[in-house]
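Contents: one structure, followed by commentary.
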There are 2 protein chains.
Amino acid sequence: MSRLDNDTFLRALLRQPTDYTPLWLMRQAGRYLPEYRETRKRAGSFLQLCKSPALACEVTLQPLARFDLDAAILFSDILTVPDAMGLGLYFTEGEGPKFERPLRDEWEIRNLMAPDPGVELAYVIDAVAEIRRALDGSVPLIGFSGSPWTLACYMVEGGSSADYRQIKTLAYSRPDLAHHILDVTAQAVIVYLNAQIEAGAQAVMIFDSWGGTLAEAAYREFSLAYLEKVVAGLTREREGRRVPSIVFTKGGGLWLEAIANCGADAVGLDWTMDIGRARALVGDKVALQGNLDPAILFAAPGVVAAEATKILDAYGPHPGHVFNLGHGIAQHTPPENVSALVEAVHGYRGR
Amino acid sequence: MSRLDNDTFLRALLRQPTDYTPLWLMRQAGRYLPEYRETRKRAGSFLQLCKSPALACEVTLQPLARFDLDAAILFSDILTVPDAMGLGLYFTEGEGPKFERPLRDEWEIRNLMAPDPGVELAYVIDAVAEIRRALDGSVPLIGFSGSPWTLACYMVEGGSSADYRQIKTLAYSRPDLAHHILDVTAQAVIVYLNAQIEAGAQAVMIFDSWGGTLAEAAYREFSLAYLEKVVAGLTREREGRRVPSIVFTKGGGLWLEAIANCGADAVGLDWTMDIGRARALVGDKVALQGNLDPAILFAAPGVVAAEATKILDAYGPHPGHVFNLGHGIAQHTPPENVSALVEAVHGYRGR
């Protein structure tokens with residue numbers, strides 16, 4: 001087994017006892033940190049930052065230098081896989097990610113192929129290896145991917161969407177084509193995550209950012225079924241250690257029990273669901289990760305600490321809690337409030 | 001009792017038996033109708049359309065001329081109340097509603113006053129009376145307002161928001177000020193809805209568009225408590241008939257049981273929750289209104305009919321269902337698909 005000084009995060013994901021509740025923050029390497037903004041400027045663009053293993057490694061480590069976090073997460077974009085499929089990812093100021101060639105025609109959909117992570121996504125795999133070396137056994141490294149449904153949303157819409165009109169029209173009108181996209185994408189996500197694990201990722205997280213926009217039956221058919229498929233295809237063990245998996249459907253609280261049965265070790269919660277109620281619903285089936293409203297980090301440090309404590313109290317004394325926000329940390333978050341949060345979580349004595 | 005040829009909608013809201021499941025559609029008078037776009041052009045602007053009782057009446061009736069709907073809903077904007085409070089509502093192309101003077105300073109918040117609906121909102125009350133006359137007892141007229149929390153979001157943010165940073169910071173940092181805004185706004189909503197009822201509205205709906213962005217405890221404290229207050233303050237009977245109330249928290253499925261206890265006659269559901277499960281949770285406590293994903297109206301008419309039937313099947317044979325979408329009808333919806341929907345719901349024989 002490779003050396004790992006702090007395995008609290010991995011132990012919590014496997015519902016093993018830990019001395020304290022571990023925490024990391026979604027999007028912990030990001031624009032709220034001045035050092036990130038400096039590296040980002042040096043890279044020239046967000047995409048160049050993602051595509052440089054050295055710079056991706058640099059920003060991955062920045063939050064760990066400032067805060068006592070229990071895990072690092074690969075710095076990358078959620079849309080690397082469709083970009084590698086040839087859709088042409090680009091970013092416009094203030095409008096988020098877009099694709100030059102969104103999937104619209106049947107022949108384009110039929111031609112879709114899973115990319116080889118060792119070739120088209122080598123820059124990500126190289127970043128994983130470089131980050132892992134730089135971490136030097138201090139804390140575990142999390143790899144990640146978008147979920148098949150979330151990637152399909154972007155691929156068919158061509159970018160973010162207010163109403164998911166294109167992808168939902170496809171799903172309801174031509175479910176055969178929607179399932180074809182999801183099948184190919186699920187396969188691509190499996191090999192992508194396994195390549196990250198092979199390169200050194202010690203846990204993986206699947207971000208289903210847009211599953212929560214579906215009706216319940218459609219969620220099960222078009223998102224959850226593919227989360228199950230991906231989880232079933234993941235490498236279970238590496239370097240003598242179990243590689244835990246986390247699935248996170250934003251807005252998926254209504255379907256928590258079904259999600260907890262998808263085969264993953266842990267379920268991420270957004271901030272809308274009371275975590276005590278969530279824990280009562282899932283029992284010992286999975287670990288839970290979450291779930292402070294990121295907007296609370298705009299309040300005073302005392303409020304941050306009090307609200308974090310409420311979540312820890314609500315989860316209770318059971319093992320299996322990884323503290324996190326319920327969504328990515330916001331751009332204008334004061335870094336000193338992150339310090340207050342880390343202190344409150346690590347200093348919590350109620351468990 | 002005044003004449004009412006079709007009281008199916010009102011009966012369903014009170015969980016009385018009906019011959020068929022009544023339906024209307026949120027935002028049924030709107031941009032997907034060419035005749036609406038024509039009137040809107042004639043009005044000059046959206047706000048002028050809202051502020052002209054004659055034109056508001058005209059567009060309110062347009063969907064009823066096309067489709068066999070079981071209720072009319074007042075055409076107006078959700079932000080009339082804060083506009084009447086002096087915040088200066090305006091619209092920018094593609095960016096939605098904004099306020100010239102968002103609430104930020106403590107003195108502004110302390111000076112906030114509930115407007116007199118007979119004065120500052122006379123154009124709405126006049127529209128209600130005019131629509132009611134024009135309907136001539138054919139179907140009931142629904143009045144509406146935004147919820148206190150949703151209005152407070154817009155008032156403090158100054159418009160739509162991706163993260164509700166300003167209002168949430170206020171709620172978590174200065175709950176006293178947030179509660180003051182909500183108290184004044186709840187009072188304003190009560191007198192506004194009661195003035196609509198006095199002028200002829202036969203049911204009222206409270207739209208809590210942004211309650212679902214809150215954590216559970218914050219939802220109860222800052223949104224649900226004020227929904228309860230508003231419902232408790234409403235005129236219960238008018239013209240010898242009960243005036244039913246509907247509350248709708250978008251994204252509130254997780255809190256359905258609490259919402260069903262707020263005192264309203266009916267709860268609106270967005271499309272994410274299975275309505276059969278919702279019905280099992282609320283029992284005979286309230287009627288349910290919903291909940292087709294509006295995106296389904298972009299599919300073929302046969303798909304629309306099949307998906308509507310699934311919702312009717314899921315609700316089952318109990319009284320107390322008003323069919324609706326789970327959110328407002330989308331701008332580019334083909335009107336012929338609305339015809340297919342109305343036909344499917346009214347023609348349903350499974351109950």
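Scheme for the structure tokens: letters A, B, ... for chains in order shown; per-chain residue numbers from 1; ligand numbers from 1 in order shown.
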Enumerate as a PyMOL selection string all residues of region 65-305 of chain A assigned to strand (DSSP E) by DSSP on the backbone, naming them with the chain letters and numbers the document uses. chain A and resi 72-73+89-92+96-99+141-146+203-208+237-238+241-242+245-249+266-268+287-292
What lies within 6 Å of region 15-30 of chain B using only C-alpha atoms, ignoring chain neighbours under 5 positions off, as a list in words? Thr8, Phe9, Tyr36, Val59, Thr60, Pro63, Leu69, Asp70, Ala71, Ala287, Pro319, Gly320, Val322, Phe323, Asn324, Leu325, Gly328 and Ile329 of chain B
Atoms to include: C-alpha atoms. Write the selected residues as an mmCIF file, in the first residue's frame.
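Final output, saved to selection22.cif:
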```cif
data_model
loop_
_atom_site.group_PDB
_atom_site.id
_atom_site.type_symbol
_atom_site.label_atom_id
_atom_site.label_comp_id
_atom_site.auth_asym_id
_atom_site.auth_seq_id
_atom_site.Cartn_x
_atom_site.Cartn_y
_atom_site.Cartn_z
ATOM 1 C CA THR B 8 -64.753 22.054 -12.078
ATOM 2 C CA PHE B 9 -61.526 23.834 -11.183
ATOM 3 C CA TYR B 36 -50.326 37.579 -27.508
ATOM 4 C CA VAL B 59 -54.450 38.695 -23.323
ATOM 5 C CA THR B 60 -55.996 36.914 -20.323
ATOM 6 C CA PRO B 63 -55.817 31.185 -24.443
ATOM 7 C CA LEU B 69 -59.241 25.501 -20.299
ATOM 8 C CA ASP B 70 -61.008 25.323 -16.945
ATOM 9 C CA ALA B 71 -59.741 28.585 -15.471
ATOM 10 C CA ALA B 287 -55.532 19.170 -3.539
ATOM 11 C CA PRO B 319 -60.665 13.772 -6.147
ATOM 12 C CA GLY B 320 -58.472 16.869 -5.776
ATOM 13 C CA VAL B 322 -55.939 20.098 -11.053
ATOM 14 C CA PHE B 323 -53.820 19.307 -14.081
ATOM 15 C CA ASN B 324 -51.135 21.843 -14.922
ATOM 16 C CA LEU B 325 -47.542 22.061 -16.049
ATOM 17 C CA GLY B 328 -44.813 28.173 -16.854
ATOM 18 C CA ILE B 329 -45.346 27.228 -20.484
#
```
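Residue-level contact on chain A: within 7 Å of chain B, counting only C-alpha atoms, the set is A:Arg165, A:Lys168, A:Thr169, A:Tyr172, A:Ser173, A:Leu214, A:Ala215, A:Glu216, A:Gly253, A:Leu254, A:Trp271, A:Thr272, A:Met273, A:Asp274, A:Asp293, A:Ala295, A:Ile296, A:Phe298, A:Ala299, A:Ala300.
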Give me every alpha helix (DSSP H) residue in region 23-265 of chain A, going by DSSP on the backbone, as a PyMOL selection string. chain A and resi 34-43+46-51+53-66+80-82+106-110+122-135+148-157+165-173+175-199+216-218+225-232+256-260
Test item: residues at most 9 Å from Ala278 (chain B), only C-alpha atoms, excluding those fewer than 2 positions along its chain, as JSON, numbers by chain: {"B": [253, 256, 257, 269, 273, 274, 275, 276, 280, 281, 282, 283, 288, 315]}
Residues within 9 Å of region 38-51 of chain B, only C-alpha atoms, excluding chain neighbours under 2 positions, as a PyMOL selection string: chain B and resi 31+33-36+53-56+58-59+75-77+89-91+123-124+127
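The smallest atom-to-atom distance between Ile197 (chain B) and any of B:His180, B:Arg110, B:Arg241, B:His346, using only C-alpha atoms, is found for B:Arg241.
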